[in-house]
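Chemist: Below: one structure in structure tokens.
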Amino acid sequence: MIERLDVPEGHTVLLVGDLHGHYGRLIEALRYLGYLRSRTRPRLFENITLVSLGDLVDRGPDSARLVNLFTSSDPGYKMVRGNHEQMVIDSGHCEDTAELHKVNGGRWFHDLEPDAQVEIRTKLARVPVAMEIRFSEASVVGAVHAEVPVLAGVTWSEWLNALDREEGLGELTREELVEKALWGREVSEMSKAPPVPGIDLVAMGHTAYLRGPRRDGNRLYLDTRAYQSEWPNCYLTLLALSVEEGELTQELLCCSFVDGVCELVSAPNEAQC
């Protein structure tokens with residue numbers, strides 16, 4: 001259910017919000033920003049790791065291609081699971097979920113041959129629900145698709161470890177914790193949520209924002225409607241993380257495709273709470 005990533009010195013980690021099937025836009029953005037070392041293949045430079053915050057699939061034209069890339073043996077690509085990946089997994093044994101998935105951009109999956117469906121489900125079932133990215137003892141970043149719930153006195157580490165325990169945490173079962181991590185919007189709907197204790201930053205997708213990402217204390221929401229980034233105020237947003245002189249640095253990179261090509265714009269209205 002969880003993964004821990006130790007980041008070597010001099011390494012940069014990129015986090016990207018919901019891509020929803022737009023492989024081509026991701027590759028164009030990575031190439032434009034200078035993170036790819038190949039003109040013809042999606043090969044990142046060796047000091048770069050890209051982490052998807054989930055919802056790679058549905059709505060756009062290349063869901064399967066993104067799944068294959070982010071679940072491959074290439075150490076430069078990692079991901080956490082989103083609610084759309086969970087719908088892919090659950091649709092194999094629940095007809096209601098299959099119908100929900102189809103009307104939320106998942107028709108591509110149900111049009112595949114049965115063997116291809118099984119292959120994709122198997123890959124996505126191995127994807128963690130949350131990831132801890134550790135640059136040093138003093139610089140730790142969390143990655144989860146939807147939310148870390150507000151639980152009085154509960155630290156990031158306690159919540160993360162509870163995802164792997166049968167007994168859950170407090171009044172919440174493990175199943176409820178996982179559901180909030182994949183589907184929750186209770187925290188994002190708060191005007192100002194309390195910070196997540198015991199961690200520098202938690203990056204999330206799921207809840208989409210126009211005109212740039214939303215920052216709420218140490219919570220950062222990176223879903224800026226990449227699948228609609230040909231429209232004004234919609235972007236494919238990446239967050240570049242590295243440690244310089246012992247300090248965690250954060251750079252937001254908002255890519256617009258309004259004119260059909262990638263253009264880097266300043267985060268126009270990064271909402272501060």
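Following the order of the structure tokens, chains are lettered A, B, ..., residues in each are numbered from 1, and ligands are numbered from 1.
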Might you pull out every residue within 8 Å of stretch 200-214 of chain A, with only C-alpha atoms counted and same-chain residues fewer than 2 positions away left off, and present them as a ChimeraX atom specification?
Modeler: /A:15,17-18,53-55,82,139-147,183,185,188,196,198,216,218-225,233-235,237,254,267-272
Chemist: Could you pull out the residues in stretch 117-268 of chain A that DSSP calls helix (DSSP H, G or I) from the backbone, as a PyMOL selection string?
Modeler: chain A and resi 117-125+156-162+174-183+226-228
Chemist: Output N, CA and C atoms for every residue in that selection, as a PDB file, in the first residue's frame.
Modeler:
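After the write, again37.pdb holds the following:
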ATOM      1  N   GLN A 117      -7.018  -6.232 -20.540  1.00  0.00           N
ATOM      2  CA  GLN A 117      -7.598  -5.684 -19.317  1.00  0.00           C
ATOM      3  C   GLN A 117      -6.929  -6.287 -18.082  1.00  0.00           C
ATOM      4  N   VAL A 118      -6.758  -7.582 -18.089  1.00  0.00           N
ATOM      5  CA  VAL A 118      -6.117  -8.259 -16.950  1.00  0.00           C
ATOM      6  C   VAL A 118      -4.701  -7.741 -16.747  1.00  0.00           C
ATOM      7  N   GLU A 119      -3.972  -7.548 -17.826  1.00  0.00           N
ATOM      8  CA  GLU A 119      -2.595  -7.065 -17.728  1.00  0.00           C
ATOM      9  C   GLU A 119      -2.536  -5.683 -17.082  1.00  0.00           C
ATOM     10  N   ILE A 120      -3.416  -4.785 -17.502  1.00  0.00           N
ATOM     11  CA  ILE A 120      -3.415  -3.436 -16.940  1.00  0.00           C
ATOM     12  C   ILE A 120      -3.869  -3.457 -15.487  1.00  0.00           C
ATOM     13  N   ARG A 121      -4.913  -4.230 -15.178  1.00  0.00           N
ATOM     14  CA  ARG A 121      -5.361  -4.329 -13.788  1.00  0.00           C
ATOM     15  C   ARG A 121      -4.246  -4.851 -12.884  1.00  0.00           C
ATOM     16  N   THR A 122      -3.526  -5.843 -13.352  1.00  0.00           N
ATOM     17  CA  THR A 122      -2.444  -6.432 -12.555  1.00  0.00           C
ATOM     18  C   THR A 122      -1.363  -5.404 -12.272  1.00  0.00           C
ATOM     19  N   LYS A 123      -1.013  -4.628 -13.273  1.00  0.00           N
ATOM     20  CA  LYS A 123       0.003  -3.588 -13.083  1.00  0.00           C
ATOM     21  C   LYS A 123      -0.462  -2.541 -12.074  1.00  0.00           C
ATOM     22  N   LEU A 124      -1.696  -2.089 -12.204  1.00  0.00           N
ATOM     23  CA  LEU A 124      -2.187  -1.025 -11.329  1.00  0.00           C
ATOM     24  C   LEU A 124      -2.416  -1.509  -9.904  1.00  0.00           C
ATOM     25  N   ALA A 125      -2.728  -2.780  -9.726  1.00  0.00           N
ATOM     26  CA  ALA A 125      -2.935  -3.317  -8.379  1.00  0.00           C
ATOM     27  C   ALA A 125      -1.648  -3.314  -7.562  1.00  0.00           C
ATOM     28  N   TRP A 156       2.058  12.393   9.951  1.00  0.00           N
ATOM     29  CA  TRP A 156       2.168  11.779   8.626  1.00  0.00           C
ATOM     30  C   TRP A 156       2.612  10.331   8.730  1.00  0.00           C
ATOM     31  N   SER A 157       3.650  10.050   9.514  1.00  0.00           N
ATOM     32  CA  SER A 157       4.184   8.688   9.610  1.00  0.00           C
ATOM     33  C   SER A 157       3.159   7.724  10.177  1.00  0.00           C
ATOM     34  N   GLU A 158       2.399   8.166  11.169  1.00  0.00           N
ATOM     35  CA  GLU A 158       1.374   7.300  11.753  1.00  0.00           C
ATOM     36  C   GLU A 158       0.280   6.989  10.727  1.00  0.00           C
ATOM     37  N   TRP A 159      -0.121   8.003   9.968  1.00  0.00           N
ATOM     38  CA  TRP A 159      -1.129   7.779   8.928  1.00  0.00           C
ATOM     39  C   TRP A 159      -0.595   6.850   7.847  1.00  0.00           C
ATOM     40  N   LEU A 160       0.635   7.097   7.403  1.00  0.00           N
ATOM     41  CA  LEU A 160       1.227   6.286   6.340  1.00  0.00           C
ATOM     42  C   LEU A 160       1.321   4.823   6.759  1.00  0.00           C
ATOM     43  N   ASN A 161       1.821   4.581   7.953  1.00  0.00           N
ATOM     44  CA  ASN A 161       1.972   3.204   8.425  1.00  0.00           C
ATOM     45  C   ASN A 161       0.620   2.511   8.594  1.00  0.00           C
ATOM     46  N   ALA A 162      -0.416   3.286   8.930  1.00  0.00           N
ATOM     47  CA  ALA A 162      -1.745   2.695   9.121  1.00  0.00           C
ATOM     48  C   ALA A 162      -2.322   2.147   7.821  1.00  0.00           C
ATOM     49  N   ARG A 174      -8.783   0.544   7.902  1.00  0.00           N
ATOM     50  CA  ARG A 174      -7.830   0.713   6.808  1.00  0.00           C
ATOM     51  C   ARG A 174      -8.562   0.997   5.501  1.00  0.00           C
ATOM     52  N   GLU A 175      -9.684   0.325   5.282  1.00  0.00           N
ATOM     53  CA  GLU A 175     -10.450   0.556   4.053  1.00  0.00           C
ATOM     54  C   GLU A 175     -10.913   1.998   3.957  1.00  0.00           C
ATOM     55  N   GLU A 176     -11.317   2.582   5.076  1.00  0.00           N
ATOM     56  CA  GLU A 176     -11.750   3.988   5.073  1.00  0.00           C
ATOM     57  C   GLU A 176     -10.577   4.926   4.839  1.00  0.00           C
ATOM     58  N   LEU A 177      -9.424   4.616   5.401  1.00  0.00           N
ATOM     59  CA  LEU A 177      -8.229   5.428   5.164  1.00  0.00           C
ATOM     60  C   LEU A 177      -7.844   5.408   3.692  1.00  0.00           C
ATOM     61  N   VAL A 178      -7.890   4.220   3.093  1.00  0.00           N
ATOM     62  CA  VAL A 178      -7.546   4.097   1.675  1.00  0.00           C
ATOM     63  C   VAL A 178      -8.558   4.848   0.817  1.00  0.00           C
ATOM     64  N   GLU A 179      -9.835   4.733   1.159  1.00  0.00           N
ATOM     65  CA  GLU A 179     -10.862   5.434   0.381  1.00  0.00           C
ATOM     66  C   GLU A 179     -10.642   6.944   0.408  1.00  0.00           C
ATOM     67  N   LYS A 180     -10.292   7.490   1.565  1.00  0.00           N
ATOM     68  CA  LYS A 180     -10.020   8.926   1.653  1.00  0.00           C
ATOM     69  C   LYS A 180      -8.776   9.300   0.852  1.00  0.00           C
ATOM     70  N   ALA A 181      -7.764   8.437   0.878  1.00  0.00           N
ATOM     71  CA  ALA A 181      -6.540   8.711   0.122  1.00  0.00           C
ATOM     72  C   ALA A 181      -6.796   8.752  -1.380  1.00  0.00           C
ATOM     73  N   LEU A 182      -7.779   7.977  -1.841  1.00  0.00           N
ATOM     74  CA  LEU A 182      -8.077   7.892  -3.270  1.00  0.00           C
ATOM     75  C   LEU A 182      -9.188   8.833  -3.717  1.00  0.00           C
ATOM     76  N   TRP A 183     -10.181   9.039  -2.865  1.00  0.00           N
ATOM     77  CA  TRP A 183     -11.411   9.723  -3.270  1.00  0.00           C
ATOM     78  C   TRP A 183     -11.719  10.989  -2.471  1.00  0.00           C
ATOM     79  N   ALA A 226      -4.789  19.199 -16.546  1.00  0.00           N
ATOM     80  CA  ALA A 226      -3.860  18.942 -17.657  1.00  0.00           C
ATOM     81  C   ALA A 226      -4.587  18.436 -18.891  1.00  0.00           C
ATOM     82  N   TYR A 227      -5.653  17.681 -18.695  1.00  0.00           N
ATOM     83  CA  TYR A 227      -6.362  17.115 -19.848  1.00  0.00           C
ATOM     84  C   TYR A 227      -7.142  18.178 -20.622  1.00  0.00           C
ATOM     85  N   GLN A 228      -7.238  19.394 -20.055  1.00  0.00           N
ATOM     86  CA  GLN A 228      -7.877  20.518 -20.748  1.00  0.00           C
ATOM     87  C   GLN A 228      -6.891  21.669 -20.961  1.00  0.00           C
TER      88      GLN A 228
END
Chemist: Out of A:Ala152, A:Leu50, A:Leu169, A:Leu33, which residue has the shortest atom-to-atom distance to A:Pro75 when counting only C-alpha atoms?
Modeler: A:Leu50
Chemist: Out of A:Gly105, A:Gly10, A:Pro61, A:Gly34, which residue has the shortest atom-to-atom distance to A:Glu244 when counting only C-alpha atoms?
Modeler: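 Smallest separation from A:Glu244 among the options: A:Gly10.
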Chemist: Compare A:Val51, A:Cys94, A:Phe70, A:Gly21 by their minimum atom-to-atom distance to A:Phe109, counting only C-alpha atoms, and give me the closest one.
Modeler: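 Going through A:Val51, A:Cys94, A:Phe70, A:Gly21 one by one, the smallest distance to A:Phe109 is for A:Gly21.
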Chemist: So, with only C-alpha atoms as the atoms that count, which of A:Arg31, A:Arg107, A:His93, A:Arg126 lies closest to A:Glu3?
Modeler: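 Among the listed residues, A:Arg126 lies closest to A:Glu3.
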Chemist: Quick one: residues within 7 Å of A:Arg4, only C-alpha atoms, excluding same-chain residues fewer than 4 positions away - as an MDAnalysis selection string?
Modeler: chainID A and resid 131:133
Chemist: Keeping N, CA and C atoms for every residue in the selection just given, could you write it to a file as a PDB file, in the first residue's frame?
Modeler:
ATOM      1  N   MET A 131       3.146   7.590  -1.032  1.00  0.00           N
ATOM      2  CA  MET A 131       4.601   7.502  -1.121  1.00  0.00           C
ATOM      3  C   MET A 131       5.235   8.553  -0.209  1.00  0.00           C
ATOM      4  N   GLU A 132       6.292   8.150   0.470  1.00  0.00           N
ATOM      5  CA  GLU A 132       7.112   9.078   1.246  1.00  0.00           C
ATOM      6  C   GLU A 132       8.424   9.291   0.511  1.00  0.00           C
ATOM      7  N   ILE A 133       8.732  10.541   0.204  1.00  0.00           N
ATOM      8  CA  ILE A 133       9.932  10.896  -0.548  1.00  0.00           C
ATOM      9  C   ILE A 133      10.887  11.591   0.415  1.00  0.00           C
TER      10      ILE A 133
END
Chemist: Given the choices A:Glu99, A:Glu263, A:Asp74, A:Glu113, which gets closest to A:Tyr32 if the distance is worked out from only C-alpha atoms?
Modeler: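 Ranking A:Glu99, A:Glu263, A:Asp74, A:Glu113 by distance to A:Tyr32, first place goes to A:Glu263.
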Chemist: Set the distance at 12 Å and use only C-alpha atoms: which residues neighbour A:Leu100 once local chain neighbours fewer than 4 positions away are removed? I'd like the list as a PyMOL selection string.
Modeler: chain A and resi 58+83-84+86-88+90-91+94-96+104-107+110
Chemist: Would you output that residue set with C-alpha atoms, as a short mmCIF file (atom, residue, chain, number, x, y, z; two decimals), in the first residue's frame?
Modeler:
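Resulting contents of selection_27.cif:
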data_model
loop_
_atom_site.label_atom_id
_atom_site.label_comp_id
_atom_site.auth_asym_id
_atom_site.auth_seq_id
_atom_site.Cartn_x
_atom_site.Cartn_y
_atom_site.Cartn_z
CA ASP A 58 -9.25 8.02 -18.64
CA ASN A 83 -9.40 6.88 -7.89
CA HIS A 84 -9.49 6.33 -11.66
CA GLN A 86 -8.93 2.10 -8.54
CA MET A 87 -12.00 2.06 -10.80
CA VAL A 88 -9.97 0.11 -13.37
CA ASP A 90 -12.49 -2.75 -9.15
CA SER A 91 -14.41 -2.88 -12.43
CA CYS A 94 -18.12 -4.98 -9.68
CA GLU A 95 -20.53 -4.15 -12.50
CA ASP A 96 -21.64 -0.89 -10.83
CA ASN A 104 -16.09 8.91 -16.30
CA GLY A 105 -13.80 8.45 -19.28
CA GLY A 106 -13.04 4.76 -18.89
CA ARG A 107 -14.69 3.41 -22.04
CA HIS A 110 -13.66 -1.78 -21.43
#
Chemist: Looking at only C-alpha atoms, which of A:Arg41, A:Ala130, A:Phe135, A:Leu253 is the one that sits closest to A:Lys78?
Modeler: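 Between A:Arg41, A:Ala130, A:Phe135, A:Leu253, the residue approaching A:Lys78 most closely is A:Ala130.
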Chemist: Separation of atom CA of A:Gly260 and atom CA of A:Arg215, in Å?
Modeler: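 Computed distance, atom CA of A:Gly260 to atom CA of A:Arg215, equals 28.1 Å.
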Chemist: Determine which residues of stretch 49-235 of chain A receive a DSSP assignment of strand (DSSP E), computed from the backbone, and state them as a PyMOL selection string.
Modeler: chain A and resi 49-52+77-79+130-136+139-144+201-204+214-216+219-221
